[in-house]
>>> print(open('final26.pdb').read())   # PDB, C-alpha atoms
MODEL        1
ATOM      1  CA  MET R 176      95.654  70.775  79.802  1.00  0.00           C
ATOM      2  CA  LYS R 177      98.127  70.621  76.933  1.00  0.00           C
ATOM      3  CA  ILE R 178      99.275  73.623  74.933  1.00  0.00           C
ATOM      4  CA  GLN R 179     102.123  74.451  72.589  1.00  0.00           C
ATOM      5  CA  ARG R 180     104.867  76.096  74.631  1.00  0.00           C
ATOM      6  CA  GLN R 181     105.165  79.060  72.252  1.00  0.00           C
ATOM      7  CA  ALA R 182     101.389  79.657  72.274  1.00  0.00           C
ATOM      8  CA  LEU R 183     101.407  79.718  76.081  1.00  0.00           C
ATOM      9  CA  ILE R 184     104.385  82.096  76.238  1.00  0.00           C
ATOM     10  CA  ASN R 185     102.730  84.392  73.675  1.00  0.00           C
ATOM     11  CA  GLU R 186      99.444  84.452  75.617  1.00  0.00           C
ATOM     12  CA  LEU R 187     101.153  85.199  78.934  1.00  0.00           C
ATOM     13  CA  SER R 188     103.421  87.841  77.399  1.00  0.00           C
ATOM     14  CA  GLN R 189     100.427  89.691  75.945  1.00  0.00           C
ATOM     15  CA  ILE R 190      98.745  89.803  79.360  1.00  0.00           C
ATOM     16  CA  VAL R 191     101.912  91.164  80.993  1.00  0.00           C
ATOM     17  CA  GLU R 192     102.405  93.773  78.253  1.00  0.00           C
ATOM     18  CA  LYS R 193      98.807  94.921  78.743  1.00  0.00           C
ATOM     19  CA  ALA R 194      99.421  95.180  82.513  1.00  0.00           C
ATOM     20  CA  ILE R 195     102.480  97.380  81.906  1.00  0.00           C
ATOM     21  CA  THR R 196     100.485  99.669  79.609  1.00  0.00           C
ATOM     22  CA  SER R 197      97.673  99.969  82.170  1.00  0.00           C
ATOM     23  CA  ALA R 198     100.136 100.683  84.987  1.00  0.00           C
ATOM     24  CA  GLN R 199     101.806 103.406  82.914  1.00  0.00           C
ATOM     25  CA  GLY R 200      98.360 104.952  82.444  1.00  0.00           C
ATOM     26  CA  PHE R 201      97.849 105.033  86.215  1.00  0.00           C
ATOM     27  CA  LYS R 202     100.773 107.469  86.432  1.00  0.00           C
ATOM     28  CA  ASN R 203      98.415 110.153  85.076  1.00  0.00           C
ATOM     29  CA  LEU R 204      96.397 110.019  88.310  1.00  0.00           C
ATOM     30  CA  SER R 205      97.134 111.990  91.459  1.00  0.00           C
ATOM     31  CA  PRO R 206      98.309 110.281  94.673  1.00  0.00           C
ATOM     32  CA  GLU R 207      94.849 110.881  96.127  1.00  0.00           C
ATOM     33  CA  GLN R 208      93.176 109.248  93.134  1.00  0.00           C
ATOM     34  CA  LEU R 209      95.594 106.306  93.241  1.00  0.00           C
ATOM     35  CA  ASN R 210      94.786 105.763  96.926  1.00  0.00           C
ATOM     36  CA  PHE R 211      91.014 106.256  96.486  1.00  0.00           C
ATOM     37  CA  LYS R 212      88.807 103.485  97.894  1.00  0.00           C
ATOM     38  CA  GLU R 213      85.115 103.130  97.258  1.00  0.00           C
ATOM     39  CA  ASP R 214      84.662 101.805 100.810  1.00  0.00           C
ATOM     40  CA  ALA R 215      86.697 100.539 103.760  1.00  0.00           C
ATOM     41  CA  ASN R 216      86.632  96.931 102.496  1.00  0.00           C
ATOM     42  CA  SER R 217      87.869  97.664  98.978  1.00  0.00           C
ATOM     43  CA  TRP R 218      91.373  98.217  97.656  1.00  0.00           C
ATOM     44  CA  SER R 219      92.767 101.272  95.951  1.00  0.00           C
ATOM     45  CA  ILE R 220      94.618 101.103  92.631  1.00  0.00           C
ATOM     46  CA  LEU R 221      97.947 101.233  94.464  1.00  0.00           C
ATOM     47  CA  GLU R 222      96.868  98.494  96.873  1.00  0.00           C
ATOM     48  CA  CYS R 223      96.042  96.246  93.902  1.00  0.00           C
ATOM     49  CA  LEU R 224      99.530  96.868  92.504  1.00  0.00           C
ATOM     50  CA  GLU R 225     101.247  96.464  95.869  1.00  0.00           C
ATOM     51  CA  HIS R 226      99.485  93.123  96.377  1.00  0.00           C
ATOM     52  CA  LEU R 227     100.975  91.985  93.065  1.00  0.00           C
ATOM     53  CA  ASN R 228     104.368  93.387  94.060  1.00  0.00           C
ATOM     54  CA  LEU R 229     104.296  91.328  97.260  1.00  0.00           C
ATOM     55  CA  TYR R 230     103.626  88.148  95.272  1.00  0.00           C
ATOM     56  CA  GLY R 231     106.268  89.172  92.733  1.00  0.00           C
ATOM     57  CA  ASP R 232     108.797  89.416  95.571  1.00  0.00           C
ATOM     58  CA  PHE R 233     108.387  85.661  96.054  1.00  0.00           C
ATOM     59  CA  TYR R 234     107.661  84.308  92.574  1.00  0.00           C
ATOM     60  CA  LEU R 235     110.068  86.320  90.413  1.00  0.00           C
ATOM     61  CA  PRO R 236     113.216  85.138  92.228  1.00  0.00           C
ATOM     62  CA  GLU R 237     111.800  81.595  92.249  1.00  0.00           C
ATOM     63  CA  ILE R 238     111.198  81.692  88.490  1.00  0.00           C
ATOM     64  CA  GLU R 239     114.569  83.335  87.839  1.00  0.00           C
ATOM     65  CA  THR R 240     116.415  80.672  89.844  1.00  0.00           C
ATOM     66  CA  GLN R 241     114.868  77.856  87.821  1.00  0.00           C
ATOM     67  CA  ILE R 242     115.516  79.585  84.511  1.00  0.00           C
ATOM     68  CA  LEU R 243     119.130  80.481  85.279  1.00  0.00           C
ATOM     69  CA  LYS R 244     120.134  77.067  86.585  1.00  0.00           C
ATOM     70  CA  THR R 245     118.682  75.207  83.616  1.00  0.00           C
ATOM     71  CA  PRO R 246     120.427  74.911  80.254  1.00  0.00           C
ATOM     72  CA  SER R 247     118.253  75.746  77.256  1.00  0.00           C
ATOM     73  CA  THR R 248     116.602  72.729  75.740  1.00  0.00           C
ATOM     74  CA  THR R 249     113.960  72.593  73.090  1.00  0.00           C
ATOM     75  CA  ALA R 250     114.091  68.856  72.466  1.00  0.00           C
ATOM     76  CA  ASN R 251     110.846  67.115  73.436  1.00  0.00           C
ATOM     77  CA  ALA R 252     109.578  70.275  75.122  1.00  0.00           C
ATOM     78  CA  GLU R 253     107.402  71.902  72.470  1.00  0.00           C
ATOM     79  CA  VAL R 254     104.208  71.014  74.355  1.00  0.00           C
ATOM     80  CA  PHE R 255     103.489  72.048  77.924  1.00  0.00           C
ATOM     81  CA  LYS R 256     101.412  69.581  79.921  1.00  0.00           C
ATOM     82  CA  SER R 257      99.876  71.072  83.028  1.00  0.00           C
ATOM     83  CA  GLY R 258      99.828  69.203  86.332  1.00  0.00           C
ATOM     84  CA  TRP R 259      96.436  68.724  87.982  1.00  0.00           C
ATOM     85  CA  LEU R 260      97.221  70.928  90.997  1.00  0.00           C
ATOM     86  CA  GLY R 261      98.970  73.617  88.972  1.00  0.00           C
ATOM     87  CA  ASN R 262      96.120  73.661  86.478  1.00  0.00           C
ATOM     88  CA  TYR R 263      93.636  74.025  89.345  1.00  0.00           C
ATOM     89  CA  PHE R 264      95.575  76.951  90.881  1.00  0.00           C
ATOM     90  CA  ALA R 265      96.029  78.707  87.522  1.00  0.00           C
ATOM     91  CA  ASN R 266      92.391  78.285  86.510  1.00  0.00           C
ATOM     92  CA  SER R 267      91.125  79.446  89.902  1.00  0.00           C
ATOM     93  CA  MET R 268      93.143  82.649  89.461  1.00  0.00           C
ATOM     94  CA  ARG R 269      92.152  83.339  85.873  1.00  0.00           C
ATOM     95  CA  PRO R 270      89.359  85.849  85.265  1.00  0.00           C
ATOM     96  CA  LYS R 271      86.343  84.504  83.399  1.00  0.00           C
ATOM     97  CA  ALA R 272      85.524  85.701  79.888  1.00  0.00           C
ATOM     98  CA  ASP R 273      83.132  88.330  81.304  1.00  0.00           C
ATOM     99  CA  GLY R 274      85.877  89.703  83.599  1.00  0.00           C
ATOM    100  CA  SER R 275      84.389  88.241  86.774  1.00  0.00           C
ATOM    101  CA  VAL R 276      86.575  86.285  89.192  1.00  0.00           C
ATOM    102  CA  ASN R 277      86.200  83.671  91.888  1.00  0.00           C
ATOM    103  CA  LYS R 278      86.284  85.398  95.278  1.00  0.00           C
ATOM    104  CA  MET R 279      89.322  84.481  97.377  1.00  0.00           C
ATOM    105  CA  LYS R 280      90.672  85.474 100.739  1.00  0.00           C
ATOM    106  CA  THR R 281      94.059  87.185 100.691  1.00  0.00           C
ATOM    107  CA  PHE R 282      96.851  85.995 102.951  1.00  0.00           C
ATOM    108  CA  LYS R 283      97.577  88.561 105.656  1.00  0.00           C
ATOM    109  CA  ASP R 284     101.206  89.041 104.596  1.00  0.00           C
ATOM    110  CA  LYS R 285     100.054  89.833 101.028  1.00  0.00           C
ATOM    111  CA  ASP R 286      97.207  92.167 102.021  1.00  0.00           C
ATOM    112  CA  PRO R 287      98.110  95.838 101.527  1.00  0.00           C
ATOM    113  CA  ALA R 288      94.732  97.099 102.838  1.00  0.00           C
ATOM    114  CA  ALA R 289      94.768 100.255 104.959  1.00  0.00           C
ATOM    115  CA  SER R 290      97.927 101.420 103.202  1.00  0.00           C
ATOM    116  CA  ASN R 291      98.635 104.877 101.904  1.00  0.00           C
ATOM    117  CA  LEU R 292     101.128 103.930  99.246  1.00  0.00           C
ATOM    118  CA  PRO R 293     103.461 106.172  97.214  1.00  0.00           C
ATOM    119  CA  ILE R 294     103.318 106.510  93.434  1.00  0.00           C
ATOM    120  CA  SER R 295     106.649 104.629  93.317  1.00  0.00           C
ATOM    121  CA  THR R 296     104.514 101.490  93.832  1.00  0.00           C
ATOM    122  CA  ILE R 297     103.688 101.778  90.125  1.00  0.00           C
ATOM    123  CA  ASP R 298     107.362 101.926  89.113  1.00  0.00           C
ATOM    124  CA  ARG R 299     108.109  98.872  91.255  1.00  0.00           C
ATOM    125  CA  PHE R 300     105.224  97.033  89.594  1.00  0.00           C
ATOM    126  CA  ILE R 301     106.372  97.963  86.081  1.00  0.00           C
ATOM    127  CA  LYS R 302     109.935  96.876  86.873  1.00  0.00           C
ATOM    128  CA  GLN R 303     108.660  93.495  88.091  1.00  0.00           C
ATOM    129  CA  GLN R 304     106.556  93.067  84.941  1.00  0.00           C
ATOM    130  CA  GLU R 305     109.515  93.871  82.721  1.00  0.00           C
ATOM    131  CA  SER R 306     111.512  91.196  84.567  1.00  0.00           C
ATOM    132  CA  LEU R 307     108.648  88.752  84.094  1.00  0.00           C
ATOM    133  CA  LEU R 308     108.570  89.501  80.346  1.00  0.00           C
ATOM    134  CA  ASN R 309     112.282  88.749  80.210  1.00  0.00           C
ATOM    135  CA  TYR R 310     111.756  85.432  82.030  1.00  0.00           C
ATOM    136  CA  LEU R 311     108.937  84.518  79.637  1.00  0.00           C
ATOM    137  CA  LYS R 312     111.271  85.188  76.725  1.00  0.00           C
ATOM    138  CA  GLN R 313     113.936  82.931  78.267  1.00  0.00           C
ATOM    139  CA  ALA R 314     111.307  80.255  78.998  1.00  0.00           C
ATOM    140  CA  GLN R 315     110.740  79.823  75.256  1.00  0.00           C
ATOM    141  CA  LYS R 316     113.791  77.528  75.246  1.00  0.00           C
ATOM    142  CA  LEU R 317     112.965  75.517  78.363  1.00  0.00           C
ATOM    143  CA  ASP R 318     110.903  72.490  79.264  1.00  0.00           C
ATOM    144  CA  LEU R 319     107.989  74.104  81.109  1.00  0.00           C
ATOM    145  CA  THR R 320     106.677  70.701  82.177  1.00  0.00           C
ATOM    146  CA  LYS R 321     109.889  69.310  83.662  1.00  0.00           C
ATOM    147  CA  LEU R 322     111.097  72.394  85.578  1.00  0.00           C
ATOM    148  CA  LYS R 323     109.481  72.968  88.985  1.00  0.00           C
ATOM    149  CA  THR R 324     109.115  75.986  91.264  1.00  0.00           C
ATOM    150  CA  GLY R 325     108.083  76.496  94.859  1.00  0.00           C
ATOM    151  CA  ILE R 326     104.841  78.199  95.840  1.00  0.00           C
ATOM    152  CA  THR R 327     103.839  80.621  98.590  1.00  0.00           C
ATOM    153  CA  LEU R 328     101.445  78.219 100.328  1.00  0.00           C
ATOM    154  CA  THR R 329     103.984  75.651 101.463  1.00  0.00           C
ATOM    155  CA  LYS R 330     107.568  74.672 100.792  1.00  0.00           C
ATOM    156  CA  TRP R 331     106.492  71.043 100.355  1.00  0.00           C
ATOM    157  CA  ILE R 332     104.648  71.543  97.055  1.00  0.00           C
ATOM    158  CA  LYS R 333     106.316  72.364  93.748  1.00  0.00           C
ATOM    159  CA  LEU R 334     104.504  73.284  90.540  1.00  0.00           C
ATOM    160  CA  ARG R 335     105.586  72.901  86.949  1.00  0.00           C
ATOM    161  CA  LEU R 336     107.179  76.096  85.676  1.00  0.00           C
ATOM    162  CA  GLY R 337     104.444  76.504  83.052  1.00  0.00           C
ATOM    163  CA  ASP R 338     101.762  76.296  85.749  1.00  0.00           C
ATOM    164  CA  THR R 339     103.627  78.777  87.943  1.00  0.00           C
ATOM    165  CA  LEU R 340     103.897  81.210  85.031  1.00  0.00           C
ATOM    166  CA  ARG R 341     100.185  80.784  84.304  1.00  0.00           C
ATOM    167  CA  PHE R 342      99.273  81.301  87.968  1.00  0.00           C
ATOM    168  CA  VAL R 343     101.425  84.435  88.316  1.00  0.00           C
ATOM    169  CA  VAL R 344     100.258  86.030  85.063  1.00  0.00           C
ATOM    170  CA  TYR R 345      96.570  85.212  85.597  1.00  0.00           C
ATOM    171  CA  HIS R 346      96.898  86.672  89.094  1.00  0.00           C
ATOM    172  CA  ILE R 347      98.262  89.858  87.529  1.00  0.00           C
ATOM    173  CA  GLU R 348      95.417  89.918  85.016  1.00  0.00           C
ATOM    174  CA  ARG R 349      92.882  89.440  87.831  1.00  0.00           C
ATOM    175  CA  HIS R 350      94.108  92.386  89.899  1.00  0.00           C
ATOM    176  CA  MET R 351      94.708  94.678  86.931  1.00  0.00           C
ATOM    177  CA  LEU R 352      91.020  94.212  86.087  1.00  0.00           C
ATOM    178  CA  GLN R 353      90.248  95.084  89.712  1.00  0.00           C
ATOM    179  CA  ALA R 354      92.442  98.213  89.514  1.00  0.00           C
ATOM    180  CA  GLY R 355      90.676  99.168  86.282  1.00  0.00           C
ATOM    181  CA  ARG R 356      87.285  98.875  87.993  1.00  0.00           C
ATOM    182  CA  VAL R 357      88.552 101.173  90.761  1.00  0.00           C
ATOM    183  CA  GLU R 358      89.899 103.670  88.219  1.00  0.00           C
ATOM    184  CA  VAL R 359      86.445 104.028  86.644  1.00  0.00           C
ATOM    185  CA  LYS R 360      85.009 104.973  90.061  1.00  0.00           C
ATOM    186  CA  VAL R 361      87.743 107.445  91.040  1.00  0.00           C
ATOM    187  CA  PRO R 362      86.285 110.952  91.301  1.00  0.00           C
ATOM    188  CA  VAL R 363      87.882 113.570  89.063  1.00  0.00           C
ATOM    189  CA  ALA R 364      88.999 115.471  92.156  1.00  0.00           C
ATOM    190  CA  VAL R 365      89.658 113.465  95.303  1.00  0.00           C
ATOM    191  CA  GLU R 366      90.041 115.076  98.709  1.00  0.00           C
ATOM    192  CA  GLY R 367      93.020 113.936 100.811  1.00  0.00           C
ATOM    193  CA  ASN R 368      92.519 110.594 102.582  1.00  0.00           C
TER     194      ASN R 368
ENDMDL
END
>>> encode(input="final26.pdb", output="structure tokens")
Amino acid sequence: MKIQRQALINELSQIVEKAITSAQGFKNLSPEQLNFKEDANSWSILECLEHLNLYGDFYLPEIETQILKTPSTTANAEVFKSGWLGNYFANSMRPKADGSVNKMKTFKDKDPAASNLPISTIDRFIKQQESLLNYLKQAQKLDLTKLKTGITLTKWIKLRLGDTLRFVVYHIERHMLQAGRVEVKVPVAVEGN
């Protein structure tokens, strides 16, 4: 996949901005509503956000490190060319046009299931998204093809920064859709868990 760097940054920034707006809307719900689960195998709104926070704990410092150690360069970097593995990971994470997603198993250390999380989970999520927006802004002046970042699966594989940004943002989009589906099912008044 090839895409103009600025078009990619704009697309990803819009998704992150939408996630922030949705998360701010979740603050209108009670702790019981935010922790509501349709069944024992599903996640609550806060569990969706905490899952993203756990991934953000790894990827945001990784992205920041690459951005901060690299001088700005726009020469020969106007087009981002995805790597085959990075493109595969990003596309597997991205929701389809109808909002459906490919089912995936969550790594145990990133699975917040059976949690009764505080509302501060939302603030942590919003703070991470604001950092990500800042990194996307800084990435406008970088070569997204040449820079590489580590991934959570293994320390032996590195992805192009553009693919990492796509993966992270599409992952956010995926779970914000999930949280939105939970929100629609939350009863107006929820009894304590």
>>> residues_around(input="final26.pdb", residues="Glu305 (chain R)", least_positions_apart="3", cutoff="9 Å", atoms="all atoms listed in the file", output="PyMOL selection string")
chain R and resi 191-192+195+300-302+308-310
>>> closest_residue(input="final26.pdb", among="R:Ile242, R:Ile190, R:Leu260, R:Ile332", to="Met176 (chain R)", atoms="all atoms listed in the file")
R:Leu260
>>> resolve_selection(input="final26.pdb", expression="the PyMOL selection byres ((chain R and resi 298) around 12)", output="ChimeraX atom specification")
/R:195-196,198-202,221,224-225,228,293-297,299-305
>>> closest_residue(input="final26.pdb", among="R:Val254, R:Ile238, R:Leu307, R:Ala288", to="Phe211 (chain R)", atoms="all atoms listed in the file")
R:Ala288
>>> closest_residue(input="final26.pdb", among="R:Lys333, R:Arg269, R:Lys244, R:Lys360", to="Asn210 (chain R)", atoms="all atoms listed in the file")
R:Lys360
>>> atom_distance(input="final26.pdb", atom1="CA of Thr327 (chain R)", atom2="CA of Phe264 (chain R)")
11.9 Å
>>> residues_around(input="final26.pdb", residues="Val343 (chain R)", least_positions_apart="3", cutoff="9 Å", atoms="only C-alpha atoms", output="PyMOL selection string")
chain R and resi 227+230-231+234+265+268+338-340+346-348
>>> closest_residue(input="final26.pdb", among="R:Phe342, R:Trp331, R:Phe233, R:Phe255", to="Leu317 (chain R)", atoms="all atoms listed in the file")
R:Phe255
>>> resolve_selection(input="final26.pdb", expression="the PyMOL selection byres ((chain R and resi 217) around 12)", output="list in words")
Asn210, Phe211, Lys212, Glu213, Asp214, Ala215, Asn216, Trp218, Ser219, Ile220, Leu221, Glu222, Cys223, Asp286, Pro287, Ala288, Ala289, Ser290, Gln353, Ala354, Arg356, Val357 and Lys360 of chain R
>>> atom_distance(input="final26.pdb", atom1="CA of Ala314 (chain R)", atom2="CA of Ile178 (chain R)")
14.3 Å
>>> axis_aligned_box(input="final26.pdb", around="region 289-306 of chain R", padding_each_side="8 Å", output="AutoDock Vina command-line options")
--center_x 103.1 --center_y 98.9 --center_z 93.8 --size_x 32.7 --size_y 31.3 --size_z 38.2
>>> atom_distance(input="final26.pdb", atom1="CA of Ser188 (chain R)", atom2="CA of Ser306 (chain R)")
11.3 Å
>>> closest_residue(input="final26.pdb", among="R:Leu292, R:Leu209, R:Leu235, R:Ile184", to="Gly325 (chain R)", atoms="all atoms listed in the file")
R:Leu235
>>> closest_residue(input="final26.pdb", among="R:Ser197, R:Trp259, R:Asn203, R:Glu186", to="Gly355 (chain R)", atoms="all atoms listed in the file")
R:Ser197
>>> resolve_selection(input="final26.pdb", expression="the PyMOL selection byres ((chain R and resi 273-275) around 10)", output="ChimeraX atom specification")
/R:269-272,276-278,348-349,352-353
>>> decode(input="final26.pdb", residues="region 281-311 of chain R", atoms="N, CA and C atoms", output="short mmCIF file (atom, residue, chain, number, x, y, z; two decimals), in the first residue's frame")
data_model
loop_
_atom_site.label_atom_id
_atom_site.label_comp_id
_atom_site.auth_asym_id
_atom_site.auth_seq_id
_atom_site.Cartn_x
_atom_site.Cartn_y
_atom_site.Cartn_z
N THR R 281 -7.29 -12.10 22.60
CA THR R 281 -6.51 -11.08 23.30
C THR R 281 -5.42 -11.74 24.14
N PHE R 282 -4.23 -11.15 24.12
CA PHE R 282 -3.16 -11.64 24.97
C PHE R 282 -3.55 -11.45 26.43
N LYS R 283 -3.19 -12.40 27.26
CA LYS R 283 -3.60 -12.40 28.66
C LYS R 283 -3.20 -11.12 29.40
N ASP R 284 -1.99 -10.62 29.11
CA ASP R 284 -1.54 -9.41 29.80
C ASP R 284 -2.23 -8.13 29.32
N LYS R 285 -3.03 -8.24 28.25
CA LYS R 285 -3.76 -7.09 27.73
C LYS R 285 -5.28 -7.27 27.87
N ASP R 286 -5.67 -8.31 28.63
CA ASP R 286 -7.08 -8.63 28.79
C ASP R 286 -7.58 -8.11 30.14
N PRO R 287 -8.42 -7.08 30.13
CA PRO R 287 -8.90 -6.50 31.38
C PRO R 287 -10.19 -7.16 31.90
N ALA R 288 -10.59 -8.29 31.30
CA ALA R 288 -11.84 -8.95 31.69
C ALA R 288 -11.87 -9.20 33.18
N ALA R 289 -13.08 -9.22 33.73
CA ALA R 289 -13.31 -9.45 35.16
C ALA R 289 -12.77 -8.31 36.01
N SER R 290 -12.67 -7.14 35.42
CA SER R 290 -12.20 -5.96 36.16
C SER R 290 -13.38 -5.09 36.54
N ASN R 291 -13.28 -4.45 37.66
CA ASN R 291 -14.22 -3.41 38.03
C ASN R 291 -13.40 -2.12 38.07
N LEU R 292 -13.39 -1.44 36.97
CA LEU R 292 -12.46 -0.33 36.77
C LEU R 292 -13.06 1.01 37.20
N PRO R 293 -12.22 1.94 37.63
CA PRO R 293 -12.71 3.28 38.01
C PRO R 293 -12.92 4.16 36.78
N ILE R 294 -13.69 5.21 36.98
CA ILE R 294 -13.96 6.17 35.90
C ILE R 294 -12.67 6.82 35.42
N SER R 295 -11.65 6.88 36.26
CA SER R 295 -10.37 7.48 35.86
C SER R 295 -9.75 6.75 34.67
N THR R 296 -10.22 5.55 34.36
CA THR R 296 -9.78 4.82 33.16
C THR R 296 -10.03 5.67 31.92
N ILE R 297 -11.14 6.40 31.93
CA ILE R 297 -11.48 7.26 30.79
C ILE R 297 -10.47 8.39 30.66
N ASP R 298 -10.12 9.03 31.78
CA ASP R 298 -9.16 10.13 31.74
C ASP R 298 -7.80 9.65 31.25
N ARG R 299 -7.40 8.47 31.70
CA ARG R 299 -6.13 7.89 31.24
C ARG R 299 -6.16 7.65 29.73
N PHE R 300 -7.29 7.15 29.25
CA PHE R 300 -7.45 6.90 27.82
C PHE R 300 -7.37 8.22 27.04
N ILE R 301 -8.08 9.23 27.48
CA ILE R 301 -8.08 10.52 26.79
C ILE R 301 -6.68 11.11 26.77
N LYS R 302 -5.98 11.01 27.88
CA LYS R 302 -4.60 11.54 27.94
C LYS R 302 -3.71 10.82 26.93
N GLN R 303 -3.86 9.50 26.83
CA GLN R 303 -3.06 8.75 25.85
C GLN R 303 -3.40 9.19 24.42
N GLN R 304 -4.69 9.41 24.15
CA GLN R 304 -5.10 9.81 22.80
C GLN R 304 -4.59 11.21 22.45
N GLU R 305 -4.56 12.08 23.43
CA GLU R 305 -4.01 13.42 23.19
C GLU R 305 -2.52 13.34 22.89
N SER R 306 -1.81 12.44 23.58
CA SER R 306 -0.39 12.22 23.27
C SER R 306 -0.23 11.69 21.86
N LEU R 307 -1.08 10.73 21.50
CA LEU R 307 -1.02 10.15 20.16
C LEU R 307 -1.28 11.21 19.09
N LEU R 308 -2.24 12.10 19.33
CA LEU R 308 -2.48 13.19 18.37
C LEU R 308 -1.24 14.06 18.21
N ASN R 309 -0.57 14.33 19.30
CA ASN R 309 0.66 15.11 19.26
C ASN R 309 1.73 14.39 18.44
N TYR R 310 1.87 13.09 18.63
CA TYR R 310 2.86 12.31 17.87
C TYR R 310 2.51 12.29 16.38
N LEU R 311 1.22 12.20 16.07
CA LEU R 311 0.80 12.23 14.66
C LEU R 311 1.17 13.58 14.04
#
